[in-house]
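Asks: Just one file: target.cif, with mmCIF, C-alpha atoms.
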data_input
loop_
_atom_site.group_PDB
_atom_site.id
_atom_site.type_symbol
_atom_site.label_atom_id
_atom_site.label_comp_id
_atom_site.auth_asym_id
_atom_site.auth_seq_id
_atom_site.Cartn_x
_atom_site.Cartn_y
_atom_site.Cartn_z
ATOM 1 C CA MET Q 1 -21.635 -3.503 0.973
ATOM 2 C CA VAL Q 2 -19.220 -6.413 0.863
ATOM 3 C CA THR Q 3 -17.597 -7.856 3.960
ATOM 4 C CA VAL Q 4 -13.871 -7.560 4.518
ATOM 5 C CA SER Q 5 -11.225 -9.351 6.474
ATOM 6 C CA VAL Q 6 -9.537 -7.634 9.378
ATOM 7 C CA ASP Q 7 -6.858 -10.305 9.759
ATOM 8 C CA GLN Q 8 -3.341 -9.177 9.036
ATOM 9 C CA GLN Q 9 -2.168 -12.493 7.689
ATOM 10 C CA VAL Q 10 -1.403 -14.290 4.447
ATOM 11 C CA ASP Q 11 -3.653 -17.302 3.940
ATOM 12 C CA SER Q 12 -2.895 -18.762 0.532
ATOM 13 C CA ASP Q 13 -0.366 -19.252 -2.247
ATOM 14 C CA HIS Q 14 -2.368 -16.866 -4.365
ATOM 15 C CA GLN Q 15 -2.313 -14.107 -1.766
ATOM 16 C CA LEU Q 16 1.388 -14.615 -1.078
ATOM 17 C CA ALA Q 17 2.146 -14.497 -4.801
ATOM 18 C CA ARG Q 18 0.127 -11.309 -5.190
ATOM 19 C CA LEU Q 19 1.968 -9.621 -2.331
ATOM 20 C CA LEU Q 20 5.311 -10.661 -3.782
ATOM 21 C CA GLN Q 21 4.186 -9.284 -7.154
ATOM 22 C CA ILE Q 22 3.354 -5.986 -5.466
ATOM 23 C CA GLY Q 23 6.876 -6.099 -4.034
ATOM 24 C CA VAL Q 24 8.250 -6.577 -7.556
ATOM 25 C CA VAL Q 25 6.362 -3.514 -8.817
ATOM 26 C CA LEU Q 26 7.427 -1.505 -5.773
ATOM 27 C CA GLU Q 27 11.056 -2.377 -6.498
ATOM 28 C CA GLU Q 28 10.481 -1.472 -10.128
ATOM 29 C CA VAL Q 29 9.244 1.967 -9.054
ATOM 30 C CA VAL Q 30 12.159 2.406 -6.635
ATOM 31 C CA GLU Q 31 14.682 1.265 -9.214
ATOM 32 C CA ALA Q 32 13.328 3.609 -11.883
ATOM 33 C CA ARG Q 33 13.247 6.565 -9.507
ATOM 34 C CA ALA Q 34 16.792 5.999 -8.238
ATOM 35 C CA TYR Q 35 18.078 5.566 -11.795
ATOM 36 C CA ARG Q 36 16.276 8.678 -13.039
ATOM 37 C CA HIS Q 37 17.495 10.683 -10.058
ATOM 38 C CA TYR Q 38 20.995 9.604 -10.892
ATOM 39 C CA GLN Q 39 20.511 10.569 -14.534
ATOM 40 C CA SER Q 40 19.094 13.941 -13.538
ATOM 41 C CA LEU Q 41 22.227 14.928 -11.608
ATOM 42 C CA ALA Q 42 24.100 17.478 -13.694
ATOM 43 C CA GLU Q 43 27.681 16.560 -14.656
ATOM 44 C CA GLU Q 44 29.141 19.186 -12.320
ATOM 45 C CA ASP Q 45 26.981 17.976 -9.435
ATOM 46 C CA ARG Q 46 28.273 14.466 -9.941
ATOM 47 C CA ASP Q 47 31.807 15.540 -9.171
ATOM 48 C CA LEU Q 48 30.697 17.344 -6.044
ATOM 49 C CA GLU Q 49 28.312 14.680 -4.854
ATOM 50 C CA ALA Q 50 30.177 11.456 -5.404
ATOM 51 C CA ASP Q 51 28.584 9.801 -2.382
ATOM 52 C CA VAL Q 52 25.072 10.643 -3.586
ATOM 53 C CA GLU Q 53 25.866 9.341 -7.041
ATOM 54 C CA ALA Q 54 27.176 6.106 -5.549
ATOM 55 C CA LEU Q 55 24.106 5.851 -3.326
ATOM 56 C CA LEU Q 56 21.655 6.162 -6.210
ATOM 57 C CA GLU Q 57 23.586 3.799 -8.423
ATOM 58 C CA GLU Q 58 23.728 1.258 -5.628
ATOM 59 C CA ALA Q 59 20.036 1.717 -4.837
ATOM 60 C CA ALA Q 60 19.035 1.060 -8.451
ATOM 61 C CA ALA Q 61 21.208 -2.075 -8.578
ATOM 62 C CA GLU Q 62 19.899 -3.278 -5.234
ATOM 63 C CA SER Q 63 16.279 -2.851 -6.297
ATOM 64 C CA ALA Q 64 16.957 -4.806 -9.469
ATOM 65 C CA ASN Q 65 18.448 -7.586 -7.356
ATOM 66 C CA HIS Q 66 15.475 -7.559 -4.954
ATOM 67 C CA ARG Q 67 13.080 -7.668 -7.883
ATOM 68 C CA GLU Q 68 14.808 -10.723 -9.348
ATOM 69 C CA ARG Q 69 14.781 -12.554 -6.028
ATOM 70 C CA LEU Q 70 11.073 -11.853 -5.566
ATOM 71 C CA GLU Q 71 10.330 -12.963 -9.115
ATOM 72 C CA GLU Q 72 12.111 -16.250 -8.451
ATOM 73 C CA LEU Q 73 9.813 -16.874 -5.490
ATOM 74 C CA VAL Q 74 6.701 -15.924 -7.473
ATOM 75 C CA ASP Q 75 7.703 -18.303 -10.273
ATOM 76 C CA GLU Q 76 7.709 -21.193 -7.821
ATOM 77 C CA LEU Q 77 4.257 -20.408 -6.496
ATOM 78 C CA ASP Q 78 1.063 -21.428 -8.178
ATOM 79 C CA ALA Q 79 0.104 -18.008 -9.511
ATOM 80 C CA GLU Q 80 -1.008 -16.396 -12.715
ATOM 81 C CA SER Q 81 1.648 -14.210 -14.285
ATOM 82 C CA ILE Q 82 1.279 -10.470 -14.544
ATOM 83 C CA PRO Q 83 2.339 -8.241 -17.428
ATOM 84 C CA PHE Q 84 5.638 -7.013 -15.980
ATOM 85 C CA GLU Q 85 6.783 -5.555 -19.294
ATOM 86 C CA SER Q 86 3.863 -3.168 -19.448
ATOM 87 C CA VAL Q 87 4.431 -2.328 -15.780
ATOM 88 C CA GLU Q 88 7.981 -1.372 -16.653
ATOM 89 C CA SER Q 89 6.912 1.034 -19.406
ATOM 90 C CA LEU Q 90 4.136 2.402 -17.211
ATOM 91 C CA VAL Q 91 6.613 3.183 -14.435
ATOM 92 C CA GLU Q 92 8.886 4.916 -16.951
ATOM 93 C CA ALA Q 93 6.031 6.940 -18.416
ATOM 94 C CA ARG Q 94 4.705 8.091 -15.058
ATOM 95 C CA TYR Q 95 7.976 9.067 -13.454
ATOM 96 C CA GLY Q 96 8.031 12.542 -15.033
ATOM 97 C CA ARG Q 97 4.710 13.431 -13.394
ATOM 98 C CA THR Q 98 5.946 12.864 -9.881
ATOM 99 C CA LYS Q 99 9.666 13.580 -9.988
ATOM 100 C CA PRO Q 100 11.238 15.602 -7.188
ATOM 101 C CA GLU Q 101 11.979 19.249 -7.927
ATOM 102 C CA ASP Q 102 15.462 19.706 -6.513
ATOM 103 C CA PHE Q 103 18.499 17.982 -5.124
ATOM 104 C CA ASP Q 104 17.276 17.737 -1.532
ATOM 105 C CA GLY Q 105 14.016 16.437 -2.976
ATOM 106 C CA VAL Q 106 15.943 13.654 -4.695
ATOM 107 C CA LEU Q 107 17.492 12.558 -1.410
ATOM 108 C CA TYR Q 108 14.201 12.838 0.426
ATOM 109 C CA ASP Q 109 12.493 10.799 -2.284
ATOM 110 C CA GLN Q 110 15.180 8.163 -1.973
ATOM 111 C CA LEU Q 111 14.650 8.075 1.789
ATOM 112 C CA CYS Q 112 10.908 7.543 1.209
ATOM 113 C CA ASN Q 113 11.738 4.770 -1.263
ATOM 114 C CA GLU Q 114 13.844 2.896 1.262
ATOM 115 C CA GLU Q 115 11.479 3.482 4.183
ATOM 116 C CA THR Q 116 8.454 2.419 2.184
ATOM 117 C CA ALA Q 117 10.143 -0.753 0.981
ATOM 118 C CA TYR Q 118 11.254 -1.529 4.551
ATOM 119 C CA LYS Q 119 7.684 -1.090 5.822
ATOM 120 C CA PHE Q 120 6.308 -3.283 3.054
ATOM 121 C CA TYR Q 121 8.651 -6.201 3.805
ATOM 122 C CA ASP Q 122 8.271 -5.817 7.557
ATOM 123 C CA ASP Q 123 4.461 -5.983 7.317
ATOM 124 C CA LEU Q 124 4.658 -8.881 4.886
ATOM 125 C CA ILE Q 125 6.955 -10.857 7.213
ATOM 126 C CA ASP Q 126 4.564 -10.247 10.128
ATOM 127 C CA ALA Q 127 1.601 -11.325 8.026
ATOM 128 C CA ILE Q 128 3.307 -14.567 6.954
ATOM 129 C CA GLU Q 129 4.402 -15.313 10.514
ATOM 130 C CA ALA Q 130 0.837 -14.737 11.754
ATOM 131 C CA SER Q 131 -0.518 -17.340 9.351
ATOM 132 C CA ASP Q 132 -0.765 -21.128 9.769
ATOM 133 C CA ALA Q 133 -1.246 -21.661 6.052
ATOM 134 C CA THR Q 134 0.922 -24.085 4.118
ATOM 135 C CA PHE Q 135 2.440 -22.649 0.970
ATOM 136 C CA SER Q 136 3.890 -24.575 -1.948
ATOM 137 C CA LEU Q 137 7.152 -22.811 -1.122
ATOM 138 C CA GLU Q 138 8.938 -23.546 2.087
ATOM 139 C CA ARG Q 139 7.928 -20.881 4.580
ATOM 140 C CA ASP Q 140 11.418 -20.545 6.061
ATOM 141 C CA ARG Q 141 12.870 -19.898 2.641
ATOM 142 C CA VAL Q 142 10.335 -17.153 1.862
ATOM 143 C CA LEU Q 143 10.894 -15.577 5.257
ATOM 144 C CA GLY Q 144 14.659 -15.859 4.850
ATOM 145 C CA VAL Q 145 14.634 -14.019 1.515
ATOM 146 C CA LEU Q 146 12.212 -11.356 2.760
ATOM 147 C CA THR Q 147 14.192 -10.794 5.958
ATOM 148 C CA GLU Q 148 17.419 -10.330 4.003
ATOM 149 C CA ILE Q 149 15.765 -7.857 1.650
ATOM 150 C CA ARG Q 150 14.172 -5.985 4.565
ATOM 151 C CA ASP Q 151 17.529 -5.693 6.315
ATOM 152 C CA GLU Q 152 19.092 -4.290 3.166
ATOM 153 C CA GLU Q 153 16.326 -1.695 3.014
ATOM 154 C CA ALA Q 154 17.057 -0.789 6.652
ATOM 155 C CA ALA Q 155 20.722 -0.313 5.780
ATOM 156 C CA GLY Q 156 19.608 1.871 2.865
ATOM 157 C CA VAL Q 157 17.565 4.091 5.186
ATOM 158 C CA GLU Q 158 20.617 4.520 7.418
ATOM 159 C CA GLU Q 159 22.830 5.357 4.473
ATOM 160 C CA VAL Q 160 20.494 8.034 3.065
ATOM 161 C CA THR Q 161 20.028 9.497 6.542
ATOM 162 C CA ARG Q 162 23.800 9.666 7.004
ATOM 163 C CA ILE Q 163 24.236 11.567 3.736
ATOM 164 C CA MET Q 164 21.335 13.912 4.536
ATOM 165 C CA GLU Q 165 22.803 14.694 7.948
ATOM 166 C CA ALA Q 166 26.259 15.299 6.479
ATOM 167 C CA ARG Q 167 24.743 17.847 4.071
ATOM 168 C CA GLU Q 168 23.105 19.857 6.834
ATOM 169 C CA MET N 1 -3.635 -0.892 6.977
ATOM 170 C CA ASN N 2 -4.141 -1.507 10.687
ATOM 171 C CA THR N 3 -7.363 -2.765 12.202
ATOM 172 C CA ALA N 4 -8.353 0.626 13.641
ATOM 173 C CA ASN N 5 -8.164 2.191 10.190
ATOM 174 C CA GLN N 6 -10.294 -0.578 8.725
ATOM 175 C CA TYR N 7 -12.952 0.152 11.351
ATOM 176 C CA LEU N 8 -12.765 3.894 10.668
ATOM 177 C CA LYS N 9 -13.250 3.249 6.974
ATOM 178 C CA ALA N 10 -16.191 0.905 7.628
ATOM 179 C CA ILE N 11 -17.904 3.373 9.989
ATOM 180 C CA TYR N 12 -17.325 6.186 7.507
ATOM 181 C CA LEU N 13 -18.967 4.248 4.672
ATOM 182 C CA VAL N 14 -21.924 3.057 6.764
ATOM 183 C CA GLN N 15 -22.471 6.626 7.966
ATOM 184 C CA ARG N 16 -22.378 7.881 4.413
ATOM 185 C CA MET N 17 -24.823 5.248 3.180
ATOM 186 C CA ASP N 18 -27.240 5.653 6.089
ATOM 187 C CA ASP N 19 -26.817 9.413 6.313
ATOM 188 C CA GLY N 20 -26.475 9.372 10.097
ATOM 189 C CA PRO N 21 -24.715 7.534 12.922
ATOM 190 C CA ALA N 22 -23.600 4.000 12.042
ATOM 191 C CA ALA N 23 -25.353 1.202 13.941
ATOM 192 C CA THR N 24 -22.803 -1.097 15.568
ATOM 193 C CA GLY N 25 -24.443 -4.140 13.945
ATOM 194 C CA ARG N 26 -24.006 -2.635 10.490
ATOM 195 C CA VAL N 27 -20.348 -1.909 11.170
ATOM 196 C CA ALA N 28 -19.837 -5.453 12.484
ATOM 197 C CA ASP N 29 -21.592 -6.917 9.415
ATOM 198 C CA SER N 30 -19.525 -4.914 6.992
ATOM 199 C CA LEU N 31 -16.304 -6.113 8.612
ATOM 200 C CA ASP N 32 -17.566 -9.656 9.135
ATOM 201 C CA VAL N 33 -16.770 -9.525 12.852
ATOM 202 C CA SER N 34 -18.963 -10.124 15.895
ATOM 203 C CA PRO N 35 -20.898 -7.163 17.376
ATOM 204 C CA ALA N 36 -18.867 -7.674 20.578
ATOM 205 C CA SER N 37 -15.594 -7.197 18.690
ATOM 206 C CA ALA N 38 -17.011 -4.144 16.921
ATOM 207 C CA ASN N 39 -18.135 -2.689 20.262
ATOM 208 C CA GLU N 40 -14.719 -3.216 21.754
ATOM 209 C CA MET N 41 -12.918 -1.491 18.892
ATOM 210 C CA ILE N 42 -15.443 1.370 18.790
ATOM 211 C CA GLY N 43 -14.679 1.896 22.484
ATOM 212 C CA LYS N 44 -10.980 2.156 21.663
ATOM 213 C CA LEU N 45 -11.673 4.619 18.852
ATOM 214 C CA GLU N 46 -13.714 6.703 21.307
ATOM 215 C CA GLU N 47 -10.830 6.712 23.790
ATOM 216 C CA ARG N 48 -8.556 7.995 21.043
ATOM 217 C CA GLY N 49 -10.983 10.792 20.166
ATOM 218 C CA LEU N 50 -11.718 9.362 16.727
ATOM 219 C CA ALA N 51 -15.370 8.400 17.240
ATOM 220 C CA GLU N 52 -18.353 9.155 19.444
ATOM 221 C CA HIS N 53 -20.884 6.533 20.407
ATOM 222 C CA GLU N 54 -24.429 7.380 21.357
ATOM 223 C CA LYS N 55 -26.587 4.713 22.963
ATOM 224 C CA TYR N 56 -29.373 3.354 20.738
ATOM 225 C CA LYS N 57 -28.223 5.515 17.849
ATOM 226 C CA GLY N 58 -24.804 4.350 16.833
ATOM 227 C CA VAL N 59 -21.340 5.624 16.233
ATOM 228 C CA SER N 60 -20.223 8.833 14.479
ATOM 229 C CA LEU N 61 -16.688 9.792 13.549
ATOM 230 C CA THR N 62 -15.094 12.958 14.874
ATOM 231 C CA ASP N 63 -13.350 15.319 12.431
ATOM 232 C CA GLU N 64 -10.052 13.565 13.080
ATOM 233 C CA GLY N 65 -11.733 10.184 12.653
ATOM 234 C CA ILE N 66 -13.215 11.321 9.323
ATOM 235 C CA SER N 67 -9.836 12.511 8.118
ATOM 236 C CA ARG N 68 -8.206 9.186 8.973
ATOM 237 C CA ALA N 69 -11.099 7.252 7.448
ATOM 238 C CA GLU N 70 -10.748 9.204 4.215
ATOM 239 C CA ASN N 71 -7.047 8.371 4.098
ATOM 240 C CA ALA N 72 -7.831 4.708 4.700
ATOM 241 C CA LEU N 73 -10.457 4.751 1.965
ATOM 242 C CA GLN N 74 -8.004 6.412 -0.372
ATOM 243 C CA THR N 75 -5.467 3.658 0.326
ATOM 244 C CA TYR N 76 -8.145 1.092 -0.482
ATOM 245 C CA CYS N 77 -9.017 2.905 -3.733
ATOM 246 C CA ILE N 78 -5.350 2.974 -4.751
ATOM 247 C CA LEU N 79 -5.108 -0.746 -4.098
ATOM 248 C CA GLU N 80 -8.221 -1.536 -6.147
ATOM 249 C CA ARG N 81 -7.102 0.644 -9.016
ATOM 250 C CA PHE N 82 -3.578 -0.760 -8.912
ATOM 251 C CA LEU N 83 -4.881 -4.335 -9.037
ATOM 252 C CA ALA N 84 -7.413 -3.596 -11.772
ATOM 253 C CA ASN N 85 -5.435 -1.253 -14.006
ATOM 254 C CA VAL N 86 -1.796 -2.215 -13.487
ATOM 255 C CA LEU N 87 -1.907 -5.929 -12.713
ATOM 256 C CA GLY N 88 -5.081 -6.587 -14.722
ATOM 257 C CA VAL N 89 -6.770 -8.475 -11.862
ATOM 258 C CA GLU N 90 -10.449 -9.135 -12.623
ATOM 259 C CA GLU N 91 -11.384 -9.945 -9.039
ATOM 260 C CA PHE N 92 -9.838 -6.718 -7.807
ATOM 261 C CA ARG N 93 -12.465 -6.145 -5.090
ATOM 262 C CA ASP N 94 -11.910 -9.489 -3.370
ATOM 263 C CA GLU N 95 -8.166 -9.185 -3.660
ATOM 264 C CA ALA N 96 -8.080 -5.608 -2.403
ATOM 265 C CA GLN N 97 -10.011 -6.721 0.668
ATOM 266 C CA GLN N 98 -7.567 -9.549 1.294
ATOM 267 C CA LEU N 99 -4.527 -7.360 0.829
ATOM 268 C CA GLU N 100 -5.829 -4.265 2.587
ATOM 269 C CA PRO N 101 -4.692 -5.302 6.093
ATOM 270 C CA VAL N 102 -1.141 -5.920 4.880
ATOM 271 C CA ILE N 103 -0.603 -2.814 2.727
ATOM 272 C CA ASP N 104 0.424 0.347 4.541
ATOM 273 C CA GLU N 105 -0.585 3.859 3.492
ATOM 274 C CA THR N 106 3.030 4.738 2.582
ATOM 275 C CA VAL N 107 3.288 1.695 0.323
ATOM 276 C CA ALA N 108 0.010 2.656 -1.374
ATOM 277 C CA GLU N 109 1.384 6.160 -1.953
ATOM 278 C CA ARG N 110 4.263 4.695 -3.939
ATOM 279 C CA LEU N 111 1.895 2.532 -5.968
ATOM 280 C CA ASP N 112 -0.202 5.665 -6.505
ATOM 281 C CA THR N 113 2.592 7.174 -8.629
ATOM 282 C CA ILE N 114 1.754 4.765 -11.454
ATOM 283 C CA ILE N 115 -2.051 4.835 -11.465
ATOM 284 C CA ASP N 116 -4.719 7.319 -12.518
ATOM 285 C CA ARG N 117 -6.991 8.495 -9.765
ATOM 286 C CA ALA N 118 -9.664 11.197 -9.890
ATOM 287 C CA GLU N 119 -9.010 14.396 -7.954
ATOM 288 C CA GLU N 120 -12.185 13.937 -5.940
ATOM 289 C CA CYS N 121 -10.927 10.586 -4.565
ATOM 290 C CA PRO N 122 -12.151 9.205 -2.167
ATOM 291 C CA ASP N 123 -15.492 11.034 -2.563
ATOM 292 C CA CYS N 124 -16.115 9.068 -5.751
ATOM 293 C CA PHE N 125 -16.086 5.768 -3.850
ATOM 294 C CA ASP N 126 -19.369 3.921 -4.323
ATOM 295 C CA ALA N 127 -19.893 1.836 -1.186
ATOM 296 C CA ASP N 128 -22.630 -0.301 -2.790
ATOM 297 C CA ALA N 129 -20.369 -1.171 -5.704
ATOM 298 C CA ASP N 130 -17.367 -1.533 -3.329
ATOM 299 C CA ALA N 131 -15.220 0.437 -5.754
ATOM 300 C CA CYS N 132 -14.553 3.915 -7.026
ATOM 301 C CA CYS N 133 -17.554 4.783 -9.238
ATOM 302 C CA TYR N 134 -15.186 5.404 -12.168
ATOM 303 C CA LEU N 135 -13.793 1.909 -11.803
ATOM 304 C CA ALA N 136 -17.224 0.369 -11.240
ATOM 305 C CA GLY N 137 -18.822 2.460 -13.991
ATOM 306 C CA THR N 138 -21.526 3.708 -11.626
ATOM 307 C CA CYS N 139 -20.733 7.430 -11.546
ATOM 308 C CA GLU N 140 -23.731 9.649 -12.078
ATOM 309 C CA GLY N 141 -23.831 10.743 -15.665
ATOM 310 C CA ALA N 142 -21.325 8.052 -16.654
ATOM 311 C CA ASP N 143 -21.872 6.286 -19.954
#
Just give me the structure of the file as structure tokens.
Replies:
Amino acid sequence: MVTVSVDQQVDSDHQLARLLQIGVVLEEVVEARAYRHYQSLAEEDRDLEADVEALLEEAAAESANHRERLEELVDELDAESIPFESVESLVEARYGRTKPEDFDGVLYDQLCNEETAYKFYDDLIDAIEASDATFSLERDRVLGVLTEIRDEEAAGVEEVTRIMEARE
Amino acid sequence: MNTANQYLKAIYLVQRMDDGPAATGRVADSLDVSPASANEMIGKLEERGLAEHEKYKGVSLTDEGISRAENALQTYCILERFLANVLGVEEFRDEAQQLEPVIDETVAERLDTIIDRAEECPDCFDADADACCYLAGTCEGAD
């Protein structure tokens, strides 16, 4: 059996790049799900649920923006590239297997999207702060970008929760 | 994954390999920590009702401990499979170990939507190969 590390910290450029890449894929998944949810709303539902439609549209755009900002950081780190194009088609292909069944499921799924992304960035920020490692990117800049993205995810959680509560 | 979950997963795998209680030294070795640190954490797991320690024999997980360990192992399997199959990382074992403490179960669940994982996961995890036997190619009867 191989030994493992129990330290919750990021120790190298490579590890930081990998975590940011995971963030990119996570955003890709979130973006695809929000977009598909939006597409799956029937025309008549769209009229009735304007706030949900706006929420999903916004969520897809926000994820795309987060993905681009993470990719910019990854590009500046010394890291091997990953096949993002195939990831994109994989995400598309797999969505149908795990899509939510009904309207409340769509909202719940969106809540999970936002909460999961928030948790990811929050843990990542903690892990970077716990590390003394020097990265080829300025630490404050990485933390600044991640904190902004995390806060946007927190706002997203609040927004979905507000809509869910209003529907009850 | 938090530290407690990493310990639960390590104890679970040592127990499975040794077919009995896990010796503290073995748990410490597998986590690359000192026996004193392992003892301390095992004490905490006992307080939380997740493990039982018997002098001179070792530590065993309670039913709740087993359930949490299986979840932790599943998260680890998802991470390995994601790295190997989606990102095409050759050193997926080493990287999964490095990333494991930072990746939460809920995050792994999202990544799980784009990977293939056997229904029997995490029973198909091969502790010696440090990977799911399907990924490591060590499943019984595998080509």
Asks: Quick one: pull the distance between CA of Val86 in chain N and CA of Glu58 in chain Q, Å, one decimal.
Replies: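 We find that CA of Val86 in chain N and CA of Glu58 in chain Q lie 26.9 Å from each other.
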Asks: Please report the interatomic distance between CA of Leu111 in chain Q and CA of Asn2 in chain N in Å with one decimal.
Replies: 22.9 Å
Asks: Could you tell me, as a short mmCIF file (atom, residue, chain, number, x, y, z; two decimals) with C-alpha atoms, keeping the file's coordinate frame, exactly which residues end up selected when the PyMOL selection byres ((chain Q) within 10 of (chain N)) is applied to this structure?
Replies:
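What landed in expr.cif:
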data_model
loop_
_atom_site.label_atom_id
_atom_site.label_comp_id
_atom_site.auth_asym_id
_atom_site.auth_seq_id
_atom_site.Cartn_x
_atom_site.Cartn_y
_atom_site.Cartn_z
CA MET Q 1 -21.64 -3.50 0.97
CA VAL Q 2 -19.22 -6.41 0.86
CA THR Q 3 -17.60 -7.86 3.96
CA VAL Q 4 -13.87 -7.56 4.52
CA SER Q 5 -11.22 -9.35 6.47
CA VAL Q 6 -9.54 -7.63 9.38
CA ASP Q 7 -6.86 -10.30 9.76
CA GLN Q 8 -3.34 -9.18 9.04
CA GLN Q 9 -2.17 -12.49 7.69
CA VAL Q 10 -1.40 -14.29 4.45
CA ASP Q 11 -3.65 -17.30 3.94
CA HIS Q 14 -2.37 -16.87 -4.36
CA GLN Q 15 -2.31 -14.11 -1.77
CA LEU Q 16 1.39 -14.62 -1.08
CA ARG Q 18 0.13 -11.31 -5.19
CA LEU Q 19 1.97 -9.62 -2.33
CA GLN Q 21 4.19 -9.28 -7.15
CA ILE Q 22 3.35 -5.99 -5.47
CA GLY Q 23 6.88 -6.10 -4.03
CA VAL Q 25 6.36 -3.51 -8.82
CA LEU Q 26 7.43 -1.50 -5.77
CA VAL Q 29 9.24 1.97 -9.05
CA VAL Q 30 12.16 2.41 -6.64
CA GLU Q 80 -1.01 -16.40 -12.72
CA SER Q 81 1.65 -14.21 -14.28
CA ILE Q 82 1.28 -10.47 -14.54
CA PRO Q 83 2.34 -8.24 -17.43
CA PHE Q 84 5.64 -7.01 -15.98
CA SER Q 86 3.86 -3.17 -19.45
CA VAL Q 87 4.43 -2.33 -15.78
CA LEU Q 90 4.14 2.40 -17.21
CA VAL Q 91 6.61 3.18 -14.44
CA GLU Q 92 8.89 4.92 -16.95
CA ALA Q 93 6.03 6.94 -18.42
CA ARG Q 94 4.70 8.09 -15.06
CA TYR Q 95 7.98 9.07 -13.45
CA GLY Q 96 8.03 12.54 -15.03
CA ARG Q 97 4.71 13.43 -13.39
CA THR Q 98 5.95 12.86 -9.88
CA LYS Q 99 9.67 13.58 -9.99
CA CYS Q 112 10.91 7.54 1.21
CA ASN Q 113 11.74 4.77 -1.26
CA GLU Q 115 11.48 3.48 4.18
CA THR Q 116 8.45 2.42 2.18
CA ALA Q 117 10.14 -0.75 0.98
CA TYR Q 118 11.25 -1.53 4.55
CA LYS Q 119 7.68 -1.09 5.82
CA PHE Q 120 6.31 -3.28 3.05
CA TYR Q 121 8.65 -6.20 3.80
CA ASP Q 122 8.27 -5.82 7.56
CA ASP Q 123 4.46 -5.98 7.32
CA LEU Q 124 4.66 -8.88 4.89
CA ILE Q 125 6.96 -10.86 7.21
CA ASP Q 126 4.56 -10.25 10.13
CA ALA Q 127 1.60 -11.32 8.03
CA ILE Q 128 3.31 -14.57 6.95
#
Asks: How many Å separate CA of Ala72 in chain N from CA of Val142 in chain Q?
Replies: 28.6 Å
Asks: Restricting the calculation to only C-alpha atoms: of Q:Ala32, Q:Ala50, Q:Leu143, Q:Leu20, which residue gets closest to Leu70 in chain Q?
Replies: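 Closest to Leu70 in chain Q of all the choices is Q:Leu20.
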Asks: Applying 12 Å and all atoms listed in the file, which residues near Glu54 in chain N remain after dropping the ones on its own chain fewer than 2 positions away? List them as a list in words.
Replies: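 Counting only the stated atoms, we get Gly20, Pro21, Ala22, Ala23, Thr24, Asn39, Ile42, Gly43, Glu46, Ala51, Glu52, Tyr56, Lys57, Gly58, Val59, Ser60 and Leu61 of chain N.
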Asks: Those residues with C-alpha atoms, as a PDB file, keeping the file's coordinate frame please?
Replies:
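Output saved as part35.pdb:
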ATOM      1  CA  GLY N  20     -26.475   9.372  10.097  1.00  0.00           C
ATOM      2  CA  PRO N  21     -24.715   7.534  12.922  1.00  0.00           C
ATOM      3  CA  ALA N  22     -23.600   4.000  12.042  1.00  0.00           C
ATOM      4  CA  ALA N  23     -25.353   1.202  13.941  1.00  0.00           C
ATOM      5  CA  THR N  24     -22.803  -1.097  15.568  1.00  0.00           C
ATOM      6  CA  ASN N  39     -18.135  -2.689  20.262  1.00  0.00           C
ATOM      7  CA  ILE N  42     -15.443   1.370  18.790  1.00  0.00           C
ATOM      8  CA  GLY N  43     -14.679   1.896  22.484  1.00  0.00           C
ATOM      9  CA  GLU N  46     -13.714   6.703  21.307  1.00  0.00           C
ATOM     10  CA  ALA N  51     -15.370   8.400  17.240  1.00  0.00           C
ATOM     11  CA  GLU N  52     -18.353   9.155  19.444  1.00  0.00           C
ATOM     12  CA  TYR N  56     -29.373   3.354  20.738  1.00  0.00           C
ATOM     13  CA  LYS N  57     -28.223   5.515  17.849  1.00  0.00           C
ATOM     14  CA  GLY N  58     -24.804   4.350  16.833  1.00  0.00           C
ATOM     15  CA  VAL N  59     -21.340   5.624  16.233  1.00  0.00           C
ATOM     16  CA  SER N  60     -20.223   8.833  14.479  1.00  0.00           C
ATOM     17  CA  LEU N  61     -16.688   9.792  13.549  1.00  0.00           C
TER      18      LEU N  61
END
Asks: When you count only C-alpha atoms, which of these residues is closest to Glu129 in chain Q: Q:Leu146, Q:Ala64, Q:Met164, Q:Ala155?
Replies: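 Looking only at the distances to Glu129 in chain Q, the closest residue turns out to be Q:Leu146.
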Asks: May I ask which of the residues Q:Ser136, Q:Gln110, Q:Asn65, Q:Ser12 is the closest one to Val157 in chain Q, counting all atoms listed in the file?
Replies: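 Closest to Val157 in chain Q, using all atoms listed in the file: Q:Gln110.
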Asks: Output, as JSON, the centre and edge lengths in Å (one decimal) of the axis-aligned box that contains all listed atoms of range 50-66 of chain N with 3 Å of margin on each side.
Replies:
{"center_x": -19.7, "center_y": 9.3, "center_z": 16.1, "size_x": 25.3, "size_y": 18.0, "size_z": 19.6}
Asks: Determine the residue set returned by the PyMOL selection byres ((chain Q and resi 73) around 9) for the present structure, and present it as a list in words.
Replies: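 Given this file, the PyMOL selection byres ((chain Q and resi 73) around 9) evaluates to Ala17, Leu20, Glu68, Arg69, Leu70, Glu71, Glu72, Val74, Asp75, Glu76, Leu77, Leu137, Val142 and Val145 of chain Q.
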Asks: How would the residues just picked look written out with C-alpha atoms as a compact mmCIF listing (two decimals), in the frame of the given file?
Replies:
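The new file again_28.txt reads:
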# COMPACT_ATOMS: atom_id res chain seq x y z
CA ALA Q 17 2.15 -14.50 -4.80
CA LEU Q 20 5.31 -10.66 -3.78
CA GLU Q 68 14.81 -10.72 -9.35
CA ARG Q 69 14.78 -12.55 -6.03
CA LEU Q 70 11.07 -11.85 -5.57
CA GLU Q 71 10.33 -12.96 -9.12
CA GLU Q 72 12.11 -16.25 -8.45
CA VAL Q 74 6.70 -15.92 -7.47
CA ASP Q 75 7.70 -18.30 -10.27
CA GLU Q 76 7.71 -21.19 -7.82
CA LEU Q 77 4.26 -20.41 -6.50
CA LEU Q 137 7.15 -22.81 -1.12
CA VAL Q 142 10.34 -17.15 1.86
CA VAL Q 145 14.63 -14.02 1.52
